[in-house]
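K.L.:
Can you read through this structure? Questions will come right after.
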Amino acid sequence: MESMGLNEIREKYLSFFESKGHLRLPSFSLVPHNDPSVLLINAGMTPLKPYFTGAQTPPRTRVTTCQKCIRTPDIERVGHTARHGTYFEMLGNFSFGDYFKKEVIPWAWELVTDVFKMDPERIHVTVYLDDDEAYDLWHHTVGLPESHITRLGKEDNFWEHGTGPCGPCSEIFYDRGIEHGCGKDNCGVTCDCDRFIEFWNLVFSQFDRQADGTYLPLKQKNIDTGAGLERLACIMQDVDNLFETDTVRAVLNKVCEIAGVKYDQDHQTDVAIRVITDHIRSTTMMISDGILPSNEGRGYVLRRLLRRAARYGRLLGVDRPFLNELTPIVIKESETAYPELAERKDYILQVIAREEERFARTIKQGSVILDEKIQQARAQGQTELEGKEVFLLHDTYGFPFDLTREIAAEAGLTVDKDGFDEQMKNQRNQARAALKARGGSAWSDRSLPAETASLPATVFDGYDSLEESSELLMILQKDEDTDQYQAVPSAVEGSEVLLIFDRTPFYAESGGQVGDRGLAATDTCQAEIQETRKTAEGLYLHAAVVRQGLLLNAQSLQLKVDAPSRWDTARNHSCTHLLHKALRTVLGSHVTQAGSEVNPQHLRFDFTHFQPLTAEELRQVAQLVNEAILADYPVTTQVMSLEEAKASGAMALFNEKYKDKVRVVSMGDYSRELCGGTHLTHTSQAGSFYILSESSVASGVRRIEAVTGHAALRLTQGLQDTVQDLATDLKTTPSDLKARVQNNLNELRRLTRELQNLENRAAGQKAEKLKESAKDIDGVHLLTAEVEVASADALRDMAAMLRDSLAPAVILLAAILDGRVQLVAMASGEAVKAGIHCGKLIKVAAQTAGGNGGGRPDMAQAGGKDVSKVSDAMAAAEVEALLQLKH
């Protein structure tokens, strides 16, 4: 057997199946597309499920892939053993009703023995107990000895998950040699020792399991295989575990270099090295696929992995941010298979750097609190941290639960997981209740009747026309009792319905663009279409209100899109493309679209960036967009293959799943993006572009809201009117307005300073007069008084002036400001030594005036609601001061 690098193994596998008529597809994103059953892609066949179920038509009946995968159920075990990892790659070849066992088994043998040059004597397989066909193919067709074929039961060699497609499987093992075995006489493929490594599973999907547990033959038999790339590399490179394979070892070596440690010398050190090595591979791949750190969902998985790696770095003595020193190694080792890693390198580095910095702050703050909780628990003889306390750390300080649990375990304590989960459940319930209170969509695919399944997908003609004649295929009306839609033969005036036509010029909401609105009419009937959406099957649902006449099923109607609304939406949509390009030009290539909303009124564009834009950056972005509008670039569309589109330089969105044929929207040579929305024909039709706001929507995601066309015109006209009105009021011209305002501001500042000087002199005169009423109590001057001042600041200044001039002294002043009592007390150092405490003094005064307060011994302030009690408050405070001085 020849030693092969991991990248070479991947390429040989995929090339082999290409030679067998398979279409090589790139790895799908780690973010599942329209599959809420999984958080992250965790198996090679997961993104292909729609092809197996028949929900979608595959691009070819034979497909081969190498799929990036993330699995995190055993995350705590990663590092503690050399077997566990969160990131891995799964090679696979798939047949959707094409070939079956008699093809795939000989192919597997050919690849393993002829291409990978594995010793045939070391190959063992398992088959399902009753699968004689697979047994015979391995034994008679391939020639594998019976001693190398093991029959196993359902638990080991039958793949099924509830009802639906299922079938037997055949696993392929490699015998590493007796020296790796357990020494038992019965050591074989079912043994848990390290001698026999299972590296490829061939699943024969041939049955349809029924609800009653019976199995019916599938009309379309499928093949689903999965070969672990890292396991194959372990075999081909004759190493013990994935951390020893060439590409992973390169990362591990860099970890050791940064930490100044050696691998395979100390168990705890090895744990930390393996955790960091595995997690930086996972996080690099996740960020490349558009996942950002957050506190929920897959974003939380990413944050947890990054922070766990950072913490283990600290345990190795690395007291600085270091993960970004590892990322280039990960990218270098994998970029031939995943070129997007190199394309998004700067972006990946920025995300990791920012998260590591945030975690450093979290650790600094949270660790102090956690240490206190651990010490308290130990002092009280407890062996468990309360779930409520752990939740507080998580919710208030962002300290991850898993990190708390690990640190607690190192201190010999457990964590009340049930209590923590209960707190989390309560928080989620509150969030759901708040979401429900805000309301949601009025209808969904689940509320549609079964009859819609028989309808053909709606033909969309709206790219080329805004008006056409169409046949009404179905009228749907909601049953208020069941909240479900039902097909009805007609709809009377005033009815709210969903209309399905055979074809339509109405754009259905998708890609951030709102659906069209308009009219559907005959000579005797008219329906106002208020919203357009579409189902996953491609049925366009026109939400309408019958305004006139009787609407009948199967009749022909004239459909007419609201043209002004569509054009306003197109202006905003085309400008999101121009904005995207401008942002990348000004800020850098790390900027990518993270979401958008375009409607007739405005556009909203979310993008990846890590800090607020400066005023100058916003000015540059707006200028570039407006220059592109003035350039009058032609807006053209082309339909091409996804690979052709990417080769042309077209921008594709993170996490978006594209069909084999895609629509490319180009605006001259300035912008080129994959997009299914409606657009202008020339950029100049946008008129102008004006940014309304720039803000943060999530960690690492910014949002710009802007207007174009008519809305921008109204805005600029409004601003011009405002400028003209101000110029008129200030008796100047718009062109001289800035200078006039600046002159007025300078004059205002001069007058303010002059007024302040006058107030200070007046306050000084008042203070001199007030000094005459001060009482001498055993050498300390006591002064209480109600005064008239312009502000709370002036009240404090007067008190300070009296304290300094009368020292040793205690001063309590009151003033009525904005209908409330304002109180301030100040004492010199000598007065404090004599027993004065301003905080207690002012509390007595404030409570007398219907308020409360407190403060330091030398200074305190408070407020009260009852202005009629000011004199009483002063008297009460004076008594309290006398008591303090006498004691």
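Letters A, B, ... go to the chains of the structure tokens in the order shown; residues in each chain start at 1; ligands are counted from 1 in the same order.
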Excluding same-chain residues fewer than 4 positions from A:Ala799, what lies within 7 Å of it counting only C-alpha atoms, as a list in words?
P.N.:
Leu795, Arg803, Ile811, Leu813 and Met826 of chain A
K.L.:
Store the residues picked out above, limited to N, CA, C and O atoms, as a short mmCIF file (atom, residue, chain, number, x, y, z; two decimals), in the first residue's frame.
P.N.:
```cif
data_model
loop_
_atom_site.label_atom_id
_atom_site.label_comp_id
_atom_site.auth_asym_id
_atom_site.auth_seq_id
_atom_site.Cartn_x
_atom_site.Cartn_y
_atom_site.Cartn_z
N LEU A 795 -26.44 74.87 42.18
CA LEU A 795 -26.71 74.58 43.60
C LEU A 795 -25.47 73.95 44.23
O LEU A 795 -25.06 74.31 45.33
N ARG A 803 -18.93 76.04 51.75
CA ARG A 803 -18.14 75.10 52.56
C ARG A 803 -16.70 75.57 52.67
O ARG A 803 -16.09 75.56 53.75
N ILE A 811 -22.77 72.38 55.19
CA ILE A 811 -23.71 73.19 54.44
C ILE A 811 -24.84 72.31 53.90
O ILE A 811 -24.58 71.25 53.32
N LEU A 813 -28.20 72.95 51.42
CA LEU A 813 -28.97 73.90 50.62
C LEU A 813 -30.11 73.18 49.91
O LEU A 813 -29.99 72.01 49.52
N MET A 826 -22.82 69.39 51.95
CA MET A 826 -21.36 69.27 51.86
C MET A 826 -20.75 69.61 53.20
O MET A 826 -21.25 70.48 53.92
#
```
K.L.:
Quick one: residues within 7 Å of A:Ile123, only C-alpha atoms counted, chain neighbours fewer than 6 positions away excluded, as a ChimeraX atom specification?
P.N.:
/A:173-175
K.L.:
Rank A:Asn253, A:Ser454, A:Thr383, A:Thr592 by their smallest atom-to-atom distance to A:Ala409, using only C-alpha atoms, and report the top residue only.
P.N.:
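Residue with the minimum atom-to-atom distance to A:Ala409: A:Thr383.
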K.L.:
Pull the helix (DSSP H, G or I) assignments for stretch 225-473 of chain A out of DSSP run on the backbone, and list those residues as a PyMOL selection string.
P.N.:
chain A and resi 229-237+242-244+246-259+267-288+297-315+323-334+340-343+345-379+387-397+401-410+417-438+445-447+450-454
K.L.:
What lies within 6 Å of stretch 565-582 of chain A using only C-alpha atoms, ignoring chain neighbours under 6 positions off, as a PyMOL selection string?
P.N.:
chain A and resi 598-600+603+621+624-625+678-680+686
K.L.:
Please write the residues from the selection above to a file, keeping N, CA and C atoms, as a PDB file, in the first residue's frame.
P.N.:
```pdb
ATOM      1  N   VAL A 598     -35.910  44.542   0.512  1.00  0.00           N
ATOM      2  CA  VAL A 598     -36.189  45.609  -0.445  1.00  0.00           C
ATOM      3  C   VAL A 598     -37.682  45.658  -0.712  1.00  0.00           C
ATOM      4  N   ASN A 599     -38.227  46.836  -0.624  1.00  0.00           N
ATOM      5  CA  ASN A 599     -39.643  47.061  -0.891  1.00  0.00           C
ATOM      6  C   ASN A 599     -39.768  48.411  -1.595  1.00  0.00           C
ATOM      7  N   PRO A 600     -40.970  48.843  -1.926  1.00  0.00           N
ATOM      8  CA  PRO A 600     -41.085  50.116  -2.648  1.00  0.00           C
ATOM      9  C   PRO A 600     -40.621  51.330  -1.850  1.00  0.00           C
ATOM     10  N   LEU A 603     -34.673  50.378   1.231  1.00  0.00           N
ATOM     11  CA  LEU A 603     -33.871  49.163   1.224  1.00  0.00           C
ATOM     12  C   LEU A 603     -33.148  49.035   2.561  1.00  0.00           C
ATOM     13  N   VAL A 621     -19.059  55.599   0.627  1.00  0.00           N
ATOM     14  CA  VAL A 621     -19.964  54.554   0.130  1.00  0.00           C
ATOM     15  C   VAL A 621     -21.103  55.182  -0.676  1.00  0.00           C
ATOM     16  N   LEU A 624     -19.881  56.468  -4.052  1.00  0.00           N
ATOM     17  CA  LEU A 624     -19.639  55.412  -5.039  1.00  0.00           C
ATOM     18  C   LEU A 624     -20.945  54.903  -5.638  1.00  0.00           C
ATOM     19  N   VAL A 625     -21.962  54.725  -4.796  1.00  0.00           N
ATOM     20  CA  VAL A 625     -23.256  54.251  -5.306  1.00  0.00           C
ATOM     21  C   VAL A 625     -23.842  55.278  -6.277  1.00  0.00           C
ATOM     22  N   THR A 678     -36.036  41.204  -9.255  1.00  0.00           N
ATOM     23  CA  THR A 678     -36.334  42.074 -10.383  1.00  0.00           C
ATOM     24  C   THR A 678     -35.511  43.355 -10.276  1.00  0.00           C
ATOM     25  N   HIS A 679     -35.076  43.838 -11.437  1.00  0.00           N
ATOM     26  CA  HIS A 679     -34.121  44.956 -11.442  1.00  0.00           C
ATOM     27  C   HIS A 679     -34.461  45.984 -12.508  1.00  0.00           C
ATOM     28  N   LEU A 680     -33.698  47.081 -12.475  1.00  0.00           N
ATOM     29  CA  LEU A 680     -33.802  48.122 -13.488  1.00  0.00           C
ATOM     30  C   LEU A 680     -33.166  47.625 -14.790  1.00  0.00           C
ATOM     31  N   ALA A 686     -32.330  54.513 -11.132  1.00  0.00           N
ATOM     32  CA  ALA A 686     -32.462  54.603  -9.668  1.00  0.00           C
ATOM     33  C   ALA A 686     -32.606  56.049  -9.221  1.00  0.00           C
TER      34      ALA A 686
END
```
K.L.:
For A:Tyr215, find every residue with an atom within 10 Å (counting only C-alpha atoms), except residues of its own chain fewer than 4 positions away, and show them as a tab-separated table (two decimals) with N, CA, C and O atoms, in the first residue's frame.
P.N.:
```tsv
chain	number	residue	atom	x	y	z
A	163	THR	N	-40.10	5.72	9.89
A	163	THR	CA	-40.71	5.21	8.67
A	163	THR	C	-40.01	5.81	7.45
A	163	THR	O	-39.31	6.80	7.55
A	164	GLY	N	-40.23	5.17	6.28
A	164	GLY	CA	-39.66	5.69	5.05
A	164	GLY	C	-38.55	4.83	4.51
A	164	GLY	O	-38.37	3.66	4.91
A	165	PRO	N	-37.74	5.36	3.55
A	165	PRO	CA	-36.68	4.59	2.90
A	165	PRO	C	-35.68	4.04	3.91
A	165	PRO	O	-35.28	4.73	4.85
A	166	CYS	N	-35.27	2.81	3.72
A	166	CYS	CA	-34.30	2.17	4.60
A	166	CYS	C	-33.71	0.97	3.87
A	166	CYS	O	-34.12	0.64	2.75
A	167	GLY	N	-32.78	0.30	4.50
A	167	GLY	CA	-32.21	-0.88	3.86
A	167	GLY	C	-30.97	-1.39	4.55
A	167	GLY	O	-30.43	-0.75	5.47
A	206	GLN	N	-33.43	0.07	-0.17
A	206	GLN	CA	-34.29	-0.72	-1.04
A	206	GLN	C	-35.68	-0.99	-0.48
A	206	GLN	O	-36.52	-1.54	-1.17
A	207	PHE	N	-35.92	-0.58	0.78
A	207	PHE	CA	-37.23	-0.83	1.39
A	207	PHE	C	-37.88	0.47	1.84
A	207	PHE	O	-37.21	1.49	2.05
A	208	ASP	N	-39.19	0.41	2.01
A	208	ASP	CA	-39.98	1.53	2.54
A	208	ASP	C	-40.69	1.01	3.79
A	208	ASP	O	-41.64	0.23	3.70
A	209	ARG	N	-40.19	1.43	4.96
A	209	ARG	CA	-40.78	0.94	6.20
A	209	ARG	C	-42.12	1.61	6.45
A	209	ARG	O	-42.24	2.84	6.39
A	210	GLN	N	-43.13	0.78	6.75
A	210	GLN	CA	-44.48	1.28	7.01
A	210	GLN	C	-44.67	1.55	8.50
A	210	GLN	O	-43.87	1.11	9.35
A	211	ALA	N	-45.74	2.26	8.82
A	211	ALA	CA	-46.02	2.59	10.22
A	211	ALA	C	-46.25	1.35	11.07
A	211	ALA	O	-45.99	1.35	12.28
```
K.L.:
Of the candidates A:Gln742, A:Thr683, A:Thr404, A:Gln822, which shows the shortest atom-to-atom distance to A:Val867, using only C-alpha atoms?
P.N.:
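The shortest atom-to-atom distance to A:Val867 comes from A:Gln822.
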K.L.:
Set the distance at 7 Å and use only C-alpha atoms: which residues neighbour stretch 850-863 of chain A once local chain neighbours fewer than 5 positions away are removed? I'd like the list as a list of chain:residue names.
P.N.:
A:Val821, A:Gln822, A:Leu823, A:Val824, A:Ala825, A:Met826, A:Ala827, A:Ser828, A:Val832, A:Ile836, A:His837, A:Cys838, A:Gly839, A:Lys840, A:Ile842, A:Lys843
K.L.:
I need the residues from that last selection saved to file as a short mmCIF file (atom, residue, chain, number, x, y, z; two decimals), in the first residue's frame (with C-alpha atoms), if you can.
P.N.:
```
data_model
loop_
_atom_site.label_atom_id
_atom_site.label_comp_id
_atom_site.auth_asym_id
_atom_site.auth_seq_id
_atom_site.Cartn_x
_atom_site.Cartn_y
_atom_site.Cartn_z
CA VAL A 821 -37.05 69.77 45.62
CA GLN A 822 -33.29 69.51 45.00
CA LEU A 823 -31.04 69.03 48.05
CA VAL A 824 -27.28 69.08 48.46
CA ALA A 825 -25.11 68.68 51.56
CA MET A 826 -21.36 69.27 51.86
CA ALA A 827 -18.95 69.14 54.79
CA SER A 828 -15.32 70.08 55.23
CA VAL A 832 -16.56 65.12 59.17
CA ILE A 836 -20.92 65.03 60.47
CA HIS A 837 -22.19 62.48 57.87
CA CYS A 838 -23.77 64.25 54.89
CA GLY A 839 -25.39 61.04 53.59
CA LYS A 840 -27.39 60.59 56.80
CA ILE A 842 -29.57 64.57 53.57
CA LYS A 843 -31.60 61.38 53.99
#
```
K.L.:
Contacts of stretch 410-421 of chain A at 9 Å or less, counting only C-alpha atoms, minus same-chain residues fewer than 6 places along, as a PDB file with all heavy atoms, in the first residue's frame?
P.N.:
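Contents of the output file selection-v2.pdb:
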```pdb
ATOM      1  N   ILE A 374     -17.320  29.308  43.438  1.00  0.00           N
ATOM      2  CA  ILE A 374     -16.689  28.034  43.796  1.00  0.00           C
ATOM      3  C   ILE A 374     -16.203  28.058  45.236  1.00  0.00           C
ATOM      4  O   ILE A 374     -16.407  27.098  46.000  1.00  0.00           O
ATOM      5  CB  ILE A 374     -15.522  27.733  42.818  1.00  0.00           C
ATOM      6  CG1 ILE A 374     -16.082  27.384  41.428  1.00  0.00           C
ATOM      7  CG2 ILE A 374     -14.649  26.601  43.347  1.00  0.00           C
ATOM      8  CD1 ILE A 374     -15.013  27.231  40.358  1.00  0.00           C
ATOM      9  N   ALA A 377     -19.174  27.824  47.582  1.00  0.00           N
ATOM     10  CA  ALA A 377     -19.715  26.467  47.625  1.00  0.00           C
ATOM     11  C   ALA A 377     -18.844  25.567  48.494  1.00  0.00           C
ATOM     12  O   ALA A 377     -19.351  24.777  49.304  1.00  0.00           O
ATOM     13  CB  ALA A 377     -19.813  25.906  46.209  1.00  0.00           C
ATOM     14  N   ARG A 378     -17.534  25.696  48.358  1.00  0.00           N
ATOM     15  CA  ARG A 378     -16.628  24.876  49.163  1.00  0.00           C
ATOM     16  C   ARG A 378     -16.745  25.223  50.643  1.00  0.00           C
ATOM     17  O   ARG A 378     -16.768  24.336  51.505  1.00  0.00           O
ATOM     18  CB  ARG A 378     -15.190  25.097  48.696  1.00  0.00           C
ATOM     19  CG  ARG A 378     -14.838  24.353  47.418  1.00  0.00           C
ATOM     20  CD  ARG A 378     -13.447  24.735  46.967  1.00  0.00           C
ATOM     21  NE  ARG A 378     -12.893  23.801  46.006  1.00  0.00           N
ATOM     22  CZ  ARG A 378     -11.752  23.984  45.365  1.00  0.00           C
ATOM     23  NH1 ARG A 378     -11.047  25.087  45.597  1.00  0.00           N
ATOM     24  NH2 ARG A 378     -11.303  23.093  44.509  1.00  0.00           N
ATOM     25  N   GLN A 382     -20.678  22.469  49.962  1.00  0.00           N
ATOM     26  CA  GLN A 382     -21.466  22.023  48.817  1.00  0.00           C
ATOM     27  C   GLN A 382     -20.575  21.382  47.774  1.00  0.00           C
ATOM     28  O   GLN A 382     -19.401  21.722  47.635  1.00  0.00           O
ATOM     29  CB  GLN A 382     -22.210  23.219  48.192  1.00  0.00           C
ATOM     30  CG  GLN A 382     -23.213  23.872  49.126  1.00  0.00           C
ATOM     31  CD  GLN A 382     -23.823  25.129  48.527  1.00  0.00           C
ATOM     32  OE1 GLN A 382     -23.378  25.602  47.488  1.00  0.00           O
ATOM     33  NE2 GLN A 382     -24.827  25.681  49.187  1.00  0.00           N
ATOM     34  N   THR A 383     -21.157  20.449  47.021  1.00  0.00           N
ATOM     35  CA  THR A 383     -20.404  19.788  45.952  1.00  0.00           C
ATOM     36  C   THR A 383     -20.935  20.160  44.572  1.00  0.00           C
ATOM     37  O   THR A 383     -20.458  19.654  43.557  1.00  0.00           O
ATOM     38  CB  THR A 383     -20.497  18.255  46.114  1.00  0.00           C
ATOM     39  OG1 THR A 383     -21.873  17.856  46.063  1.00  0.00           O
ATOM     40  CG2 THR A 383     -19.877  17.820  47.429  1.00  0.00           C
ATOM     41  N   GLU A 384     -21.932  21.068  44.545  1.00  0.00           N
ATOM     42  CA  GLU A 384     -22.573  21.418  43.272  1.00  0.00           C
ATOM     43  C   GLU A 384     -22.857  22.918  43.223  1.00  0.00           C
ATOM     44  O   GLU A 384     -23.275  23.517  44.214  1.00  0.00           O
ATOM     45  CB  GLU A 384     -23.879  20.638  43.120  1.00  0.00           C
ATOM     46  CG  GLU A 384     -24.615  20.874  41.813  1.00  0.00           C
ATOM     47  CD  GLU A 384     -25.876  20.039  41.710  1.00  0.00           C
ATOM     48  OE1 GLU A 384     -26.859  20.338  42.424  1.00  0.00           O
ATOM     49  OE2 GLU A 384     -25.889  19.074  40.924  1.00  0.00           O
ATOM     50  N   LEU A 385     -22.613  23.531  42.056  1.00  0.00           N
ATOM     51  CA  LEU A 385     -22.971  24.929  41.850  1.00  0.00           C
ATOM     52  C   LEU A 385     -24.439  25.018  41.448  1.00  0.00           C
ATOM     53  O   LEU A 385     -24.905  24.249  40.608  1.00  0.00           O
ATOM     54  CB  LEU A 385     -22.113  25.550  40.743  1.00  0.00           C
ATOM     55  CG  LEU A 385     -20.622  25.749  41.040  1.00  0.00           C
ATOM     56  CD1 LEU A 385     -19.931  26.349  39.814  1.00  0.00           C
ATOM     57  CD2 LEU A 385     -20.422  26.646  42.248  1.00  0.00           C
ATOM     58  N   GLU A 386     -25.162  25.939  42.036  1.00  0.00           N
ATOM     59  CA  GLU A 386     -26.583  26.080  41.747  1.00  0.00           C
ATOM     60  C   GLU A 386     -26.813  26.501  40.300  1.00  0.00           C
ATOM     61  O   GLU A 386     -26.100  27.334  39.751  1.00  0.00           O
ATOM     62  CB  GLU A 386     -27.218  27.123  42.674  1.00  0.00           C
ATOM     63  CG  GLU A 386     -27.272  26.710  44.129  1.00  0.00           C
ATOM     64  CD  GLU A 386     -27.977  27.750  44.979  1.00  0.00           C
ATOM     65  OE1 GLU A 386     -28.636  28.636  44.397  1.00  0.00           O
ATOM     66  OE2 GLU A 386     -27.858  27.673  46.212  1.00  0.00           O
ATOM     67  N   GLY A 387     -27.868  25.911  39.698  1.00  0.00           N
ATOM     68  CA  GLY A 387     -28.206  26.232  38.309  1.00  0.00           C
ATOM     69  C   GLY A 387     -28.527  27.694  38.113  1.00  0.00           C
ATOM     70  O   GLY A 387     -28.208  28.287  37.071  1.00  0.00           O
ATOM     71  N   LYS A 388     -29.149  28.315  39.102  1.00  0.00           N
ATOM     72  CA  LYS A 388     -29.510  29.725  39.012  1.00  0.00           C
ATOM     73  C   LYS A 388     -28.264  30.598  38.913  1.00  0.00           C
ATOM     74  O   LYS A 388     -28.214  31.565  38.134  1.00  0.00           O
ATOM     75  CB  LYS A 388     -30.346  30.128  40.229  1.00  0.00           C
ATOM     76  CG  LYS A 388     -30.896  31.539  40.173  1.00  0.00           C
ATOM     77  CD  LYS A 388     -31.782  31.813  41.375  1.00  0.00           C
ATOM     78  CE  LYS A 388     -32.354  33.233  41.321  1.00  0.00           C
ATOM     79  NZ  LYS A 388     -33.222  33.518  42.492  1.00  0.00           N
ATOM     80  N   GLU A 389     -27.232  30.267  39.704  1.00  0.00           N
ATOM     81  CA  GLU A 389     -25.993  31.041  39.683  1.00  0.00           C
ATOM     82  C   GLU A 389     -25.255  30.864  38.357  1.00  0.00           C
ATOM     83  O   GLU A 389     -24.698  31.814  37.795  1.00  0.00           O
ATOM     84  CB  GLU A 389     -25.088  30.610  40.843  1.00  0.00           C
ATOM     85  CG  GLU A 389     -25.688  30.814  42.221  1.00  0.00           C
ATOM     86  CD  GLU A 389     -25.742  32.292  42.616  1.00  0.00           C
ATOM     87  OE1 GLU A 389     -25.224  33.128  41.851  1.00  0.00           O
ATOM     88  OE2 GLU A 389     -26.315  32.595  43.672  1.00  0.00           O
ATOM     89  N   VAL A 390     -25.270  29.621  37.847  1.00  0.00           N
ATOM     90  CA  VAL A 390     -24.606  29.338  36.578  1.00  0.00           C
ATOM     91  C   VAL A 390     -25.318  30.067  35.440  1.00  0.00           C
ATOM     92  O   VAL A 390     -24.680  30.601  34.529  1.00  0.00           O
ATOM     93  CB  VAL A 390     -24.575  27.819  36.316  1.00  0.00           C
ATOM     94  CG1 VAL A 390     -23.982  27.521  34.943  1.00  0.00           C
ATOM     95  CG2 VAL A 390     -23.767  27.113  37.398  1.00  0.00           C
ATOM     96  N   PHE A 391     -26.650  30.107  35.496  1.00  0.00           N
ATOM     97  CA  PHE A 391     -27.418  30.813  34.473  1.00  0.00           C
ATOM     98  C   PHE A 391     -27.110  32.314  34.514  1.00  0.00           C
ATOM     99  O   PHE A 391     -27.007  32.960  33.466  1.00  0.00           O
ATOM    100  CB  PHE A 391     -28.910  30.587  34.673  1.00  0.00           C
ATOM    101  CG  PHE A 391     -29.766  31.374  33.707  1.00  0.00           C
ATOM    102  CD1 PHE A 391     -29.911  30.962  32.394  1.00  0.00           C
ATOM    103  CD2 PHE A 391     -30.398  32.542  34.110  1.00  0.00           C
ATOM    104  CE1 PHE A 391     -30.671  31.689  31.493  1.00  0.00           C
ATOM    105  CE2 PHE A 391     -31.167  33.277  33.229  1.00  0.00           C
ATOM    106  CZ  PHE A 391     -31.307  32.844  31.910  1.00  0.00           C
ATOM    107  N   PHE A 401     -21.921  27.989  29.609  1.00  0.00           N
ATOM    108  CA  PHE A 401     -22.242  26.939  30.573  1.00  0.00           C
ATOM    109  C   PHE A 401     -21.186  25.841  30.549  1.00  0.00           C
ATOM    110  O   PHE A 401     -20.743  25.366  31.599  1.00  0.00           O
ATOM    111  CB  PHE A 401     -23.617  26.327  30.261  1.00  0.00           C
ATOM    112  CG  PHE A 401     -23.905  25.069  31.039  1.00  0.00           C
ATOM    113  CD1 PHE A 401     -24.385  25.153  32.335  1.00  0.00           C
ATOM    114  CD2 PHE A 401     -23.677  23.818  30.490  1.00  0.00           C
ATOM    115  CE1 PHE A 401     -24.629  24.009  33.070  1.00  0.00           C
ATOM    116  CE2 PHE A 401     -23.923  22.665  31.213  1.00  0.00           C
ATOM    117  CZ  PHE A 401     -24.407  22.760  32.504  1.00  0.00           C
ATOM    118  N   THR A 404     -18.139  26.836  32.343  1.00  0.00           N
ATOM    119  CA  THR A 404     -18.387  26.803  33.788  1.00  0.00           C
ATOM    120  C   THR A 404     -18.294  25.375  34.302  1.00  0.00           C
ATOM    121  O   THR A 404     -17.681  25.104  35.343  1.00  0.00           O
ATOM    122  CB  THR A 404     -19.775  27.378  34.100  1.00  0.00           C
ATOM    123  OG1 THR A 404     -19.830  28.739  33.663  1.00  0.00           O
ATOM    124  CG2 THR A 404     -20.067  27.320  35.595  1.00  0.00           C
TER     125      THR A 404
END
```
K.L.:
I need the residues of stretch 180-305 of chain A that end up classed as strand (DSSP E) by DSSP on the backbone, written out as a list in words.
P.N.:
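Listing strand (DSSP E) positions across stretch 180-305 of chain A yields Phe196, Ile197, Glu198, Phe199, Trp200, Asn201, Leu202, Val203, Phe204, Ser205, Gln206, Phe207, Asp208, Arg209, Tyr215, Leu216, Pro217, Leu218, Lys219, Gln220, Lys221, Asn222, Ile223, Asp224, Thr225, Gly226, Ala227 and Gly228 of chain A.
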K.L.:
Which residues of stretch 675-704 of chain A sit at most 10 Å from stretch 711-718 of chain A, using only C-alpha atoms? Give each one's shortest atom pair and distance in Å (one decimal place), in chain and ascending residue order, as CSV.
P.N.:
```
residue,atom,partner,partner_atom,distance
A:Ala686,CA,A:Ala712,CA,9.6
A:Gly687,CA,A:Ala712,CA,8.2
A:Ser688,CA,A:Ala712,CA,6.5
A:Phe689,CA,A:Ala712,CA,6.4
A:Tyr690,CA,A:Ala712,CA,6.1
A:Ile691,CA,A:Ala712,CA,9.2
A:Leu692,CA,A:Ala712,CA,9.8
```
K.L.:
Only C-alpha atoms, please: the residues just picked out, written as a compact mmCIF listing (two decimals), in the first residue's frame.
P.N.:
```txt
# COMPACT_ATOMS: atom_id res chain seq x y z
CA ALA A 686 -32.46 54.60 -9.67
CA GLY A 687 -32.29 58.41 -9.70
CA SER A 688 -30.25 58.83 -6.55
CA PHE A 689 -29.26 57.02 -3.36
CA TYR A 690 -29.38 58.39 0.18
CA ILE A 691 -28.27 56.58 3.39
CA LEU A 692 -30.71 57.00 6.28
```
K.L.:
Once you count only C-alpha atoms, what closest atom pair and distance in Å to one decimal does each residue of stretch 331-431 of chain A within 12 Å of stretch 88-100 of chain A have, with rows by chain and rising residue number, as a Markdown table?
P.N.:
```
| residue | atom | partner | partner_atom | distance |
| --- | --- | --- | --- | --- |
| A:Ser334 | CA | A:Glu89 | CA | 11.0 |
| A:Ala337 | CA | A:Glu89 | CA | 11.0 |
| A:Tyr338 | CA | A:Glu89 | CA | 11.7 |
```
K.L.:
For the selection just defined, write its residues with N, CA and C atoms to a file, as a PDB file, in the first residue's frame.
P.N.:
```pdb
ATOM      1  N   SER A 334      -6.123  23.005   3.334  1.00  0.00           N
ATOM      2  CA  SER A 334      -7.411  22.587   2.757  1.00  0.00           C
ATOM      3  C   SER A 334      -7.875  23.417   1.567  1.00  0.00           C
ATOM      4  N   ALA A 337      -9.038  21.927  -1.943  1.00  0.00           N
ATOM      5  CA  ALA A 337     -10.379  21.341  -2.021  1.00  0.00           C
ATOM      6  C   ALA A 337     -11.462  22.374  -1.787  1.00  0.00           C
ATOM      7  N   TYR A 338     -11.145  23.381  -0.983  1.00  0.00           N
ATOM      8  CA  TYR A 338     -12.139  24.404  -0.628  1.00  0.00           C
ATOM      9  C   TYR A 338     -11.546  25.789  -0.896  1.00  0.00           C
TER      10      TYR A 338
END
```
